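**Student:** The structure file run-v5.txt (compact mmCIF, C-alpha atoms) is provided below.
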# COMPACT_ATOMS: atom_id res chain seq x y z
CA GLY A 1 -53.61 -48.31 3.38
CA ASN A 2 -51.11 -50.57 5.02
CA ASN A 3 -50.29 -53.78 3.16
CA LYS A 4 -48.21 -55.11 6.07
CA ASN A 5 -45.01 -54.92 4.00
CA THR A 6 -46.28 -57.52 1.53
CA SER A 7 -44.09 -57.56 -1.56
CA VAL A 8 -45.82 -56.55 -4.78
CA ILE A 9 -45.86 -57.62 -8.41
CA LEU A 10 -45.23 -54.60 -10.60
CA LEU A 11 -47.14 -54.50 -13.90
CA THR A 12 -45.80 -51.93 -16.34
CA HIS A 13 -46.81 -50.93 -19.85
CA SER A 14 -44.96 -49.26 -22.69
CA MET A 15 -42.75 -46.37 -21.45
CA GLY A 16 -43.59 -47.27 -17.86
CA SER A 17 -41.36 -50.32 -18.26
CA PRO A 18 -37.99 -48.58 -18.73
CA MET A 19 -39.05 -45.89 -16.26
CA MET A 20 -39.75 -48.53 -13.61
CA LEU A 21 -36.43 -50.24 -14.39
CA TYR A 22 -34.70 -46.90 -13.87
CA PHE A 23 -36.49 -46.47 -10.53
CA LEU A 24 -35.60 -50.00 -9.43
CA SER A 25 -31.96 -49.61 -10.46
CA ASN A 26 -31.75 -46.78 -7.91
CA GLN A 27 -33.03 -48.96 -5.05
CA THR A 28 -30.91 -51.25 -2.92
CA GLU A 29 -31.07 -55.01 -3.32
CA THR A 30 -32.36 -55.22 0.24
CA TRP A 31 -35.22 -52.83 -0.52
CA LYS A 32 -36.15 -54.70 -3.72
CA ALA A 33 -36.00 -58.08 -1.96
CA LYS A 34 -38.35 -56.77 0.71
CA TYR A 35 -40.91 -54.91 -1.41
CA ILE A 36 -40.79 -56.29 -4.98
CA ARG A 37 -41.92 -59.83 -5.75
CA ALA A 38 -41.72 -59.55 -9.53
CA MET A 39 -41.97 -57.15 -12.44
CA VAL A 40 -44.06 -57.95 -15.51
CA THR A 41 -43.75 -55.70 -18.54
CA LEU A 42 -46.19 -55.34 -21.40
CA ALA A 43 -44.94 -53.87 -24.69
CA GLY A 44 -41.94 -52.15 -23.13
CA PRO A 45 -39.70 -50.55 -25.78
CA TRP A 46 -36.59 -52.27 -24.44
CA GLY A 47 -34.55 -52.17 -27.61
CA GLY A 48 -35.75 -48.77 -28.74
CA THR A 49 -37.15 -47.93 -32.14
CA VAL A 50 -35.69 -46.48 -35.32
CA ARG A 51 -38.78 -44.28 -35.49
CA ALA A 52 -37.28 -42.15 -32.69
CA LEU A 53 -34.53 -41.10 -35.12
CA LYS A 54 -37.20 -40.07 -37.63
CA VAL A 55 -38.88 -37.93 -34.98
CA PHE A 56 -35.59 -36.19 -34.16
CA ALA A 57 -34.83 -35.66 -37.86
CA VAL A 58 -38.16 -34.58 -39.37
CA GLY A 59 -40.94 -35.16 -36.82
CA ASP A 60 -43.78 -37.64 -37.04
CA ASN A 61 -47.44 -36.92 -37.72
CA LEU A 62 -48.36 -40.55 -36.91
CA GLY A 63 -50.08 -40.86 -40.28
CA ALA A 64 -52.39 -37.87 -39.82
CA TRP A 65 -51.80 -36.12 -43.13
CA LEU A 66 -53.45 -32.90 -41.90
CA LEU A 67 -50.69 -32.40 -39.34
CA SER A 68 -47.31 -30.97 -40.27
CA GLU A 69 -44.44 -33.27 -39.31
CA LYS A 70 -42.06 -30.30 -39.21
CA LYS A 71 -44.27 -28.32 -36.82
CA LEU A 72 -44.76 -31.37 -34.62
CA MET A 73 -41.01 -32.07 -34.63
CA TRP A 74 -40.20 -29.13 -32.35
CA GLU A 75 -42.69 -30.27 -29.71
CA GLN A 76 -41.72 -33.92 -30.10
CA ARG A 77 -38.01 -33.17 -29.69
CA SER A 78 -38.75 -31.58 -26.31
CA SER A 79 -40.35 -34.77 -24.96
CA PRO A 80 -37.90 -36.38 -22.52
CA SER A 81 -39.31 -39.84 -23.24
CA LEU A 82 -38.08 -39.66 -26.83
CA ALA A 83 -34.51 -40.30 -25.66
CA TRP A 84 -35.69 -43.53 -23.99
CA LEU A 85 -36.92 -44.70 -27.40
CA MET A 86 -33.56 -44.45 -29.15
CA PRO A 87 -32.30 -47.78 -30.52
CA GLN A 88 -30.21 -49.39 -27.78
CA GLU A 89 -26.88 -51.20 -28.04
CA GLY A 90 -27.19 -54.93 -27.57
CA PHE A 91 -30.50 -55.08 -29.42
CA TRP A 92 -29.32 -53.87 -32.83
CA ASN A 93 -26.34 -54.86 -34.97
CA GLU A 94 -23.53 -52.30 -34.90
CA ASP A 95 -23.48 -52.08 -38.69
CA GLU A 96 -27.27 -51.94 -39.15
CA VAL A 97 -28.14 -48.76 -41.03
CA PHE A 98 -30.91 -46.71 -39.40
CA VAL A 99 -30.85 -43.54 -41.48
CA VAL A 100 -29.87 -43.20 -45.14
CA THR A 101 -29.11 -39.81 -46.69
CA ASP A 102 -27.43 -38.70 -49.90
CA GLU A 103 -24.31 -37.77 -47.91
CA ARG A 104 -23.96 -40.73 -45.51
CA ASN A 105 -25.61 -43.56 -43.63
CA TYR A 106 -26.02 -43.64 -39.83
CA THR A 107 -25.76 -46.66 -37.54
CA ILE A 108 -25.98 -47.03 -33.76
CA ARG A 109 -22.32 -45.97 -33.62
CA ASP A 110 -23.06 -42.67 -35.39
CA TYR A 111 -25.46 -40.95 -32.97
CA GLU A 112 -23.15 -38.04 -32.23
CA GLN A 113 -22.61 -37.36 -35.93
CA PHE A 114 -26.34 -37.82 -36.63
CA PHE A 115 -27.27 -35.15 -34.09
CA ASN A 116 -24.48 -32.83 -35.22
CA ASP A 117 -25.72 -33.13 -38.80
CA LEU A 118 -29.29 -32.26 -37.88
Go ahead and express the file in the form of C-alpha cells.

**Tutor:**
Amino acid sequence: GNNKNTSVILLTHSMGSPMMLYFLSNQTETWKAKYIRAMVTLAGPWGGTVRALKVFAVGDNLGAWLLSEKKLMWEQRSSPSLAWLMPQEGFWNEDEVFVVTDERNYTIRDYEQFFNDL
C-alpha cells in the first residue's frame, strides 16, 4: 500500500544491521532524508567477532559434539555473511591477538597472512 511518502523507522536485528547500513550507504542523502526517520539496531555485530576467524580456520559446530567442525567448515566458509563478522578496525586494538599458533600469533593487521597460512 501507499504510505504517502511517510518516513519510516528501520528496525534491524543481528546481520540485518550491517546489511541495512550497506544499503543505506548506497542511497543519497536526499533519499534518506525523505524516506528514513531513524534506524534502530538490535544485537548488530558492528565490531565483528573473533569466532569468525575460528570458523575460517577449523569450522564451528556451535557446541553440538555430534557434528564435525571440519565438515561444517567448508559450508561455513562459503557463507558470504561470514566476512561481515570479521573483527573490524576501530573496535579492536591493533596489537590484540586473535589467533595463537605454535608458529605465530595473528592480530587484526595480519589477516592476509592468516588466510595465506590456512

**Student:** List the neighbours of Pro45 of chain A out to 9 Å using all atoms listed in the file; skip same-chain residues closer than 5 positions along the sequence, and give me the result as a VMD selection string.

**Tutor:** chain A and resid 14 to 15 17 to 18 84 to 85

**Student:** For each of A:Gln88, A:Thr6, A:Met39, A:Ala33, take the minimum atom-to-atom distance to Met20 of chain A, counting all atoms listed in the file, then give the residue where this is smallest.

**Tutor:** A:Met39

**Student:** Which polymer residues have any atom within 7 Å of an atom of segment 50-59 of chain A, counting only C-alpha atoms, with same-chain residues fewer than 3 positions away left out, as a list in words?

**Tutor:**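 In the requested format, the answer is Glu69, Lys70, Leu72, Met73, Gln76, Arg77, Leu82, Leu85, Met86, Pro87, Phe98 and Leu118 of chain A.
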
**Student:** Any idea what's packed within 12 Å of Gly90 of chain A, counting only C-alpha atoms, ignoring anything in its chain fewer than 6 positions away? Could you give it as an MDAnalysis selection string?

**Tutor:** chainID A and resid 46:48 96 108:109

**Student:** Please report the interatomic distance between atom CA of Asn105 of chain A and atom CA of Thr49 of chain A in Å with one decimal.

**Tutor:**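 Atom-to-atom, atom CA of Asn105 of chain A to atom CA of Thr49 of chain A, that is 16.9 Å.
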
**Student:** Just to confirm, what's the straight-line distance from atom CA of Ala43 of chain A to atom CA of Ser25 of chain A in Å (one decimal)?

**Tutor:**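 Distance reported for this atom pair: 19.7 Å.
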
**Student:** For a cut-off of 7 Å around (-43.2, -61.1, -11.9), file coordinates, pick out all residues using only C-alpha atoms and list them as a list in words.

**Tutor:**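 Here the neighbourhood of the point contains Ile9, Leu10, Arg37, Ala38, Met39 and Val40 of chain A.
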